[in-house]
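Have a look at run.txt; it's compact mmCIF, C-alpha atoms:
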```
# COMPACT_ATOMS: atom_id res chain seq x y z
CA LEU A 30 47.62 25.31 82.53
CA ALA A 31 46.09 22.41 80.70
CA ARG A 32 42.73 23.23 79.17
CA VAL A 33 40.03 20.60 79.44
CA VAL A 34 37.59 20.42 76.53
CA ALA A 35 34.23 18.80 77.21
CA ARG A 36 33.15 16.32 74.56
CA THR A 37 29.76 14.72 74.14
CA PRO A 38 30.31 10.95 74.28
CA ASP A 39 27.50 10.09 71.89
CA SER A 40 28.33 12.70 69.22
CA LEU A 41 28.83 11.47 65.67
CA SER A 42 32.57 12.28 65.67
CA ASP A 43 33.18 10.07 68.71
CA ARG A 44 31.67 7.00 67.12
CA PRO A 45 33.88 4.44 65.41
CA ARG A 46 34.50 4.93 61.71
CA SER A 47 32.51 1.79 60.87
CA ALA A 48 29.49 3.22 62.69
CA ARG A 49 29.81 6.66 61.04
CA SER A 50 29.94 5.11 57.56
CA ARG A 51 26.51 3.52 58.06
CA LEU A 52 24.81 6.77 59.05
CA SER A 53 23.49 9.65 57.02
CA PRO A 54 24.29 13.27 58.04
CA ALA A 55 21.07 13.27 60.04
CA GLY A 56 22.27 10.24 62.02
CA THR A 57 19.73 7.80 60.57
CA LYS A 58 20.56 4.52 58.93
CA MET A 59 20.28 4.63 55.14
CA SER A 60 18.21 2.03 53.29
CA SER A 61 19.27 0.17 50.17
CA ILE A 62 19.07 2.03 46.86
CA MET A 63 16.86 -0.82 45.63
CA GLN A 64 14.25 0.26 48.20
CA TYR A 65 14.49 3.99 47.49
CA ASN A 66 11.29 4.16 45.42
CA GLY A 67 9.56 0.93 46.50
CA ALA A 68 8.00 -1.83 44.39
CA ALA A 69 6.29 -5.21 44.54
CA ILE A 70 5.86 -7.53 41.54
CA ILE A 71 4.53 -11.09 41.16
CA ALA A 72 4.53 -13.26 38.04
CA MET A 73 2.63 -16.58 37.94
CA ALA A 74 2.24 -19.38 35.44
CA GLY A 75 -1.05 -21.11 34.70
CA LYS A 76 -2.35 -23.55 32.12
CA ASP A 77 -1.36 -21.98 28.77
CA CYS A 78 -1.39 -18.54 30.38
CA ILE A 79 0.63 -16.26 32.65
CA ALA A 80 -0.20 -13.33 34.91
CA ILE A 81 2.01 -10.52 36.13
CA ALA A 82 1.01 -7.90 38.69
CA SER A 83 2.59 -4.87 40.33
CA ASP A 84 1.71 -2.17 42.79
CA LYS A 85 1.23 1.47 41.74
CA ARG A 86 3.04 3.41 44.43
CA TYR A 87 5.80 5.84 43.57
CA GLY A 88 7.63 7.13 46.59
CA ILE A 89 10.90 8.56 47.82
CA ARG A 90 11.68 6.34 50.79
CA ASN A 91 8.72 6.71 53.17
CA GLN A 92 7.19 9.69 51.37
CA THR A 93 4.53 8.80 48.79
CA MET A 94 4.70 11.00 45.69
CA GLY A 95 2.12 9.32 43.44
CA CYS A 96 -0.06 6.28 42.97
CA GLN A 97 0.01 5.69 39.19
CA MET A 98 3.57 4.41 38.72
CA LYS A 99 4.00 2.04 35.78
CA LYS A 100 6.31 -0.86 36.61
CA ILE A 101 5.24 -3.50 34.05
CA PHE A 102 5.99 -3.00 30.37
CA GLN A 103 4.78 -5.04 27.40
CA VAL A 104 7.43 -5.88 24.81
CA GLY A 105 5.90 -7.70 21.86
CA ASP A 106 2.66 -9.62 21.76
CA LYS A 107 3.63 -12.34 24.24
CA THR A 108 6.24 -10.80 26.53
CA PHE A 109 6.02 -8.66 29.66
CA VAL A 110 8.84 -7.35 31.81
CA GLY A 111 8.41 -6.05 35.36
CA LEU A 112 11.07 -3.80 36.87
CA THR A 113 11.80 -3.23 40.55
CA GLY A 114 14.42 -0.89 41.94
CA LEU A 115 15.38 2.69 41.19
CA ALA A 116 12.65 4.48 39.20
CA THR A 117 15.03 6.41 36.91
CA ASP A 118 16.86 3.22 35.94
CA MET A 119 13.51 1.51 35.33
CA GLN A 120 12.59 4.14 32.75
CA THR A 121 16.03 3.97 31.14
CA LEU A 122 15.88 0.19 30.82
CA ASP A 123 12.38 0.34 29.36
CA GLN A 124 13.64 2.60 26.57
CA LYS A 125 16.66 0.36 25.91
CA PHE A 126 14.48 -2.78 25.82
CA ARG A 127 12.14 -1.18 23.30
CA PHE A 128 15.04 0.01 21.16
CA ARG A 129 16.70 -3.41 21.01
CA SER A 130 13.43 -5.26 20.39
CA ASN A 131 12.55 -2.86 17.55
CA MET A 132 16.00 -3.32 16.00
CA TYR A 133 15.56 -7.09 16.24
CA ARG A 134 12.17 -6.84 14.53
CA LEU A 135 13.62 -4.75 11.69
CA ARG A 136 16.63 -6.99 11.20
CA GLU A 137 14.98 -10.41 11.59
CA GLU A 138 11.50 -9.46 10.28
CA ARG A 139 9.83 -11.31 13.16
CA GLU A 140 8.96 -10.79 16.79
CA MET A 141 11.53 -11.55 19.47
CA SER A 142 10.59 -14.65 21.46
CA THR A 143 10.26 -14.45 25.23
CA GLU A 144 13.36 -16.61 25.74
CA ALA A 145 15.40 -14.44 23.40
CA PHE A 146 14.19 -11.30 25.14
CA ALA A 147 15.26 -12.67 28.54
CA ASN A 148 18.73 -13.44 27.17
CA MET A 149 18.93 -9.94 25.67
CA VAL A 150 18.08 -8.42 29.07
CA THR A 151 20.78 -10.54 30.70
CA SER A 152 23.33 -9.38 28.12
CA LEU A 153 22.40 -5.72 28.54
CA LEU A 154 22.65 -5.83 32.34
CA TYR A 155 25.95 -7.70 32.31
CA GLU A 156 27.43 -5.16 29.90
CA HIS A 157 27.05 -2.56 32.67
CA ARG A 158 28.26 -4.78 35.51
CA PHE A 159 30.91 -2.25 36.63
CA GLY A 160 28.29 0.50 36.86
CA PRO A 161 25.05 -1.46 37.05
CA TYR A 162 21.47 -0.37 36.63
CA PHE A 163 19.77 -0.66 40.02
CA CYS A 164 16.91 -2.80 38.72
CA GLU A 165 15.94 -6.44 39.06
CA PRO A 166 13.78 -7.46 36.06
CA ILE A 167 11.15 -10.20 35.97
CA VAL A 168 10.37 -11.48 32.46
CA ALA A 169 7.07 -13.32 31.91
CA GLY A 170 5.46 -14.51 28.71
CA LEU A 171 4.40 -17.38 26.51
CA GLY A 172 7.05 -19.25 24.54
CA GLY A 173 7.98 -22.70 23.33
CA GLU A 174 7.42 -24.15 19.90
CA ASP A 175 3.64 -23.82 20.16
CA GLY A 176 3.76 -20.32 21.67
CA LYS A 177 1.62 -21.42 24.63
CA SER A 178 4.17 -22.57 27.20
CA PRO A 179 4.52 -20.23 30.21
CA PHE A 180 7.96 -18.71 30.71
CA LEU A 181 9.07 -17.01 33.94
CA CYS A 182 12.55 -15.63 34.54
CA GLY A 183 13.93 -13.37 37.24
CA MET A 184 17.31 -11.64 37.39
CA ASP A 185 19.49 -9.66 39.72
CA LEU A 186 21.00 -6.33 38.73
CA LEU A 187 23.92 -8.09 36.99
CA GLY A 188 21.66 -10.27 34.83
CA ALA A 189 22.04 -13.64 36.56
CA GLN A 190 18.92 -15.63 35.60
CA VAL A 191 16.64 -17.72 37.78
CA ARG A 192 13.91 -19.61 35.91
CA THR A 193 10.89 -21.23 37.51
CA GLU A 194 7.72 -23.00 36.49
CA ASP A 195 5.29 -21.69 39.13
CA PHE A 196 5.80 -18.11 40.34
CA MET A 197 8.39 -15.36 40.69
CA VAL A 198 8.37 -12.40 43.10
CA GLY A 199 10.42 -9.23 43.35
CA GLY A 200 10.54 -5.93 45.20
CA ASP A 201 10.72 -4.90 48.83
CA CYS A 202 8.35 -7.33 50.57
CA THR A 203 9.52 -10.60 49.00
CA GLU A 204 9.24 -12.54 52.27
CA ALA A 205 5.53 -11.80 52.59
CA LEU A 206 4.92 -12.38 48.88
CA TYR A 207 6.71 -15.74 48.93
CA GLY A 208 4.67 -16.99 51.85
CA LEU A 209 1.37 -15.98 50.29
CA CYS A 210 2.24 -17.43 46.87
CA GLU A 211 3.39 -20.73 48.36
CA SER A 212 0.15 -21.09 50.30
CA MET A 213 -2.29 -20.00 47.56
CA TYR A 214 -0.70 -21.08 44.27
CA ARG A 215 -1.82 -24.27 42.52
CA PRO A 216 -0.58 -25.68 39.21
CA ASP A 217 -2.58 -25.51 35.96
CA LEU A 218 -4.83 -22.61 36.94
CA GLY A 219 -7.08 -21.11 34.29
CA PRO A 220 -6.93 -17.40 33.43
CA ASP A 221 -9.75 -16.36 35.79
CA GLU A 222 -8.47 -18.45 38.69
CA LEU A 223 -4.93 -17.22 38.09
CA PHE A 224 -6.13 -13.62 38.24
CA GLU A 225 -7.86 -14.20 41.58
CA VAL A 226 -4.81 -15.88 43.12
CA ILE A 227 -2.23 -13.33 41.98
CA ALA A 228 -4.45 -10.39 42.93
CA GLN A 229 -5.04 -11.69 46.46
CA CYS A 230 -1.34 -12.51 46.92
CA LEU A 231 -0.22 -9.03 45.87
CA LEU A 232 -2.87 -7.07 47.77
CA SER A 233 -2.24 -9.04 50.95
CA GLY A 234 1.54 -8.87 50.55
CA VAL A 235 1.80 -5.10 50.11
CA ASP A 236 -0.33 -4.55 53.22
CA ARG A 237 2.73 -5.75 55.16
CA ASP A 238 5.09 -3.22 53.56
CA CYS A 239 5.02 0.58 53.77
CA LEU A 240 7.10 1.07 50.59
CA ALA A 241 4.64 -0.62 48.20
CA GLY A 242 0.91 -0.68 47.65
CA TRP A 243 -1.69 1.99 46.85
CA GLY A 244 -3.52 -0.26 44.40
CA CYS A 245 -2.23 -2.69 41.80
CA VAL A 246 -2.50 -3.62 38.13
CA VAL A 247 -2.78 -7.21 36.85
CA HIS A 248 -2.06 -8.38 33.30
CA VAL A 249 -3.25 -11.86 32.26
CA LEU A 250 -1.71 -13.12 29.01
CA THR A 251 -3.31 -15.96 27.03
CA PRO A 252 -2.76 -17.11 23.42
CA GLU A 253 -5.88 -15.09 22.52
CA GLY A 254 -4.68 -11.79 23.99
CA VAL A 255 -4.07 -9.69 27.09
CA THR A 256 -6.55 -8.75 29.83
CA THR A 257 -5.59 -5.85 32.12
CA ARG A 258 -7.39 -5.02 35.35
CA ASP A 259 -6.74 -2.22 37.85
CA LEU A 260 -7.50 -2.97 41.49
CA LYS A 261 -7.96 -0.65 44.41
CA GLY A 262 -5.92 -1.20 47.53
CA ARG A 263 -5.37 0.43 50.91
CA MET A 264 -4.37 4.07 50.58
CA ASP A 265 -2.72 4.49 53.96
```

Rewrite the structure from the file as C-alpha cells, please.
Amino acid sequence: LARVVARTPDSLSDRPRSARSRLSPAGTKMSSIMQYNGAAIIAMAGKDCIAIASDKRYGIRNQTMGCQMKKIFQVGDKTFVGLTGLATDMQTLDQKFRFRSNMYRLREEREMSTEAFANMVTSLLYEHRFGPYFCEPIVAGLGGEDGKSPFLCGMDLLGAQVRTEDFMVGGDCTEALYGLCESMYRPDLGPDELFEVIAQCLLSGVDRDCLAGWGCVVHVLTPEGVTTRDLKGRMD
C-alpha cells in the first residue's frame, strides 16, 4: 500500500531555494550588515568652516544597547572622519587611521592634510576589497593652500570617493537626511548658522528611522578651533 505523507504547503522546506536563501532560520528577512548597528551622519560645508554630526545610538538591529556610541573621530587638527556601518569594523578602522596618521607625522614631520587623509582612507579600504570592512567613511575638514577651504568626501566600503561642496550624508536614513539637507542648506553659512542647520537636519532625520537617534553630537571646525555640542533627542 502506498503511504501518503501530509506536508504543510507553507513550510520552509517547500519554498523555492531562492526564497529560502533570503530568510533567516526564524523565517524573517535579514537586513543588510550595514544596518546591523545603525548610524546617521551628516557633514556640511560653510564659509571657512565645516560641521559634522552623528547620532549616539548603538543597537543590534532593533534592540538598543546604548546611547553613547562614538561614530566621529578627529584625526589631526583639521580633519574629522565619520564612520557608518558595522560597529566592530568602525573601531578597527579608527585604530588603523590613527596608526597611519601617526606614522605619517613621524616620517614627514608635519600633519597629514585632509586631502591626503582621504586618499589614505581610500587606499586602505581598497587594499581589503576582497574581504572589505563594512564601513562607509565620510571625511570632513579644512584644506587648501590657506588651510581654510572646506573639504567633504564620502566613500563606499571599497573606497570609491565622492566629493561635494555643500553636504554629505551617510547611514541608514539617507533619504530623509537628503531631503532635509536640500531644503534647509544654504551656501556660505557661518559657524553658528551651520550648527543650527546641521542639528535640525539630523534630529529631524533620525526621527524617521528606528535604527538611529537617541541624541546627537555636533562638531564645528573653524580655523580657530573645534566646538563640540551634545544634543538631546527623542529616546523612544

Compile the contact shell of A:Glu225 as a tab-separated table (two decimals) with C-alpha atoms, in the frame of the given file: residues with an atom at most 10 Å away, counting all atoms listed in the file, same-chain residues fewer than 5 positions apart removed.
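The result, stored in out_11.tsv:
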```tsv
chain	number	residue	atom	x	y	z
A	220	PRO	CA	-6.93	-17.40	33.43
A	230	CYS	CA	-1.34	-12.51	46.92
A	247	VAL	CA	-2.78	-7.21	36.85
```

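Minimum atom-to-atom distances from A:Phe109, A:Ala169, A:Cys182, A:Ala241 to A:Ile89 were compared using all atoms listed in the file, and the lowest value belongs to A:Ala241.
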
**Request:** For stretch 114-123 of chain A, work out the shell of residues within 10 Å, counting all atoms listed in the file and skipping chain neighbours fewer than 6 positions away, then give it as a ChimeraX atom specification.
**Result:** /A:61-69,87-89,98-104,150,153-154,161-166,186,199-201

**Message:** What does the structure give for the distance between atom CA of A:Glu144 and atom CA of A:Gln124, in Å to one decimal?
**Reply:** 19.2 Å

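Going from atom CA of A:Val198 to atom CA of A:Arg134 covers 29.4 Å.
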
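Proximity to A:Asp259 was assessed for A:Lys107, A:Ser83, A:Met73, A:Cys245 counting all atoms listed in the file; the smallest distance is recorded for A:Cys245.
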
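Proximity ranking of A:Asp175, A:Asp195, A:Asp185, A:Asp217 relative to A:Lys76 places A:Asp217 first, based on only C-alpha atoms.
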
**Prompt:** Of the candidates A:Gly183, A:Pro252, A:Gly262, A:Gly105, which shows the shortest atom-to-atom distance to A:Val235, using only C-alpha atoms?
**Reply:** A:Gly262

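Take the candidates A:Leu171, A:Val226, A:Ala147, A:Leu231 and check each one against A:Gly188 using all atoms listed in the file; the shortest distance goes to A:Ala147.
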
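You will find atom CA of A:Ile227 at 24.2 Å from atom CA of A:Ser142.
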
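With only C-alpha atoms as the atoms that count, the residue of A:Leu209, A:Ala72, A:Leu240, A:Met94 with the shortest distance to A:Glu194 is A:Ala72.
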
Centre and edge lengths of an axis-aligned box around all listed atoms of stretch 245-260 of chain A, with 5 Å added on each side, are to be given in Å to one decimal, as lines of an AutoDock Vina configuration file.
```
center_x = -4.6
center_y = -9.7
center_z = 32.2
size_x = 15.8
size_y = 24.9
size_z = 29.3
```

Taking the partial coordinates given, rebuild stretch 74-88 of chain A to contain N, CA and C atoms; return it as a CSV table (one decimal), in the frame of the given file.
```
chain,number,residue,atom,x,y,z
A,74,ALA,N,2.5,-18.6,36.6
A,74,ALA,CA,2.2,-19.4,35.4
A,74,ALA,C,1.0,-20.2,35.7
A,75,GLY,N,0.1,-20.3,34.7
A,75,GLY,CA,-1.0,-21.1,34.7
A,75,GLY,C,-1.0,-22.1,33.6
A,76,LYS,N,-2.2,-22.6,33.2
A,76,LYS,CA,-2.4,-23.6,32.1
A,76,LYS,C,-2.5,-22.8,30.8
A,77,ASP,N,-1.4,-22.7,30.0
A,77,ASP,CA,-1.4,-22.0,28.8
A,77,ASP,C,-1.6,-20.5,29.0
A,78,CYS,N,-1.2,-20.0,30.1
A,78,CYS,CA,-1.4,-18.5,30.4
A,78,CYS,C,-0.4,-18.1,31.5
A,79,ILE,N,-0.2,-16.8,31.6
A,79,ILE,CA,0.6,-16.3,32.6
A,79,ILE,C,0.0,-15.0,33.1
A,80,ALA,N,0.3,-14.6,34.3
A,80,ALA,CA,-0.2,-13.3,34.9
A,80,ALA,C,1.0,-12.6,35.6
A,81,ILE,N,1.0,-11.3,35.5
A,81,ILE,CA,2.0,-10.5,36.1
A,81,ILE,C,1.3,-9.3,36.7
A,82,ALA,N,1.7,-9.0,38.0
A,82,ALA,CA,1.0,-7.9,38.7
A,82,ALA,C,2.0,-7.1,39.4
A,83,SER,N,1.7,-5.8,39.6
A,83,SER,CA,2.6,-4.9,40.3
A,83,SER,C,1.7,-3.9,41.1
A,84,ASP,N,2.4,-3.3,42.1
A,84,ASP,CA,1.7,-2.2,42.8
A,84,ASP,C,1.9,-0.9,42.0
A,85,LYS,N,1.2,0.2,42.5
A,85,LYS,CA,1.2,1.5,41.7
A,85,LYS,C,1.9,2.6,42.5
A,86,ARG,N,2.5,2.3,43.6
A,86,ARG,CA,3.0,3.4,44.4
A,86,ARG,C,4.4,3.9,43.9
A,87,TYR,N,4.5,5.2,43.8
A,87,TYR,CA,5.8,5.8,43.6
A,87,TYR,C,6.2,6.7,44.8
A,88,GLY,N,7.3,6.4,45.4
A,88,GLY,CA,7.6,7.1,46.6
A,88,GLY,C,9.1,7.4,46.6
```
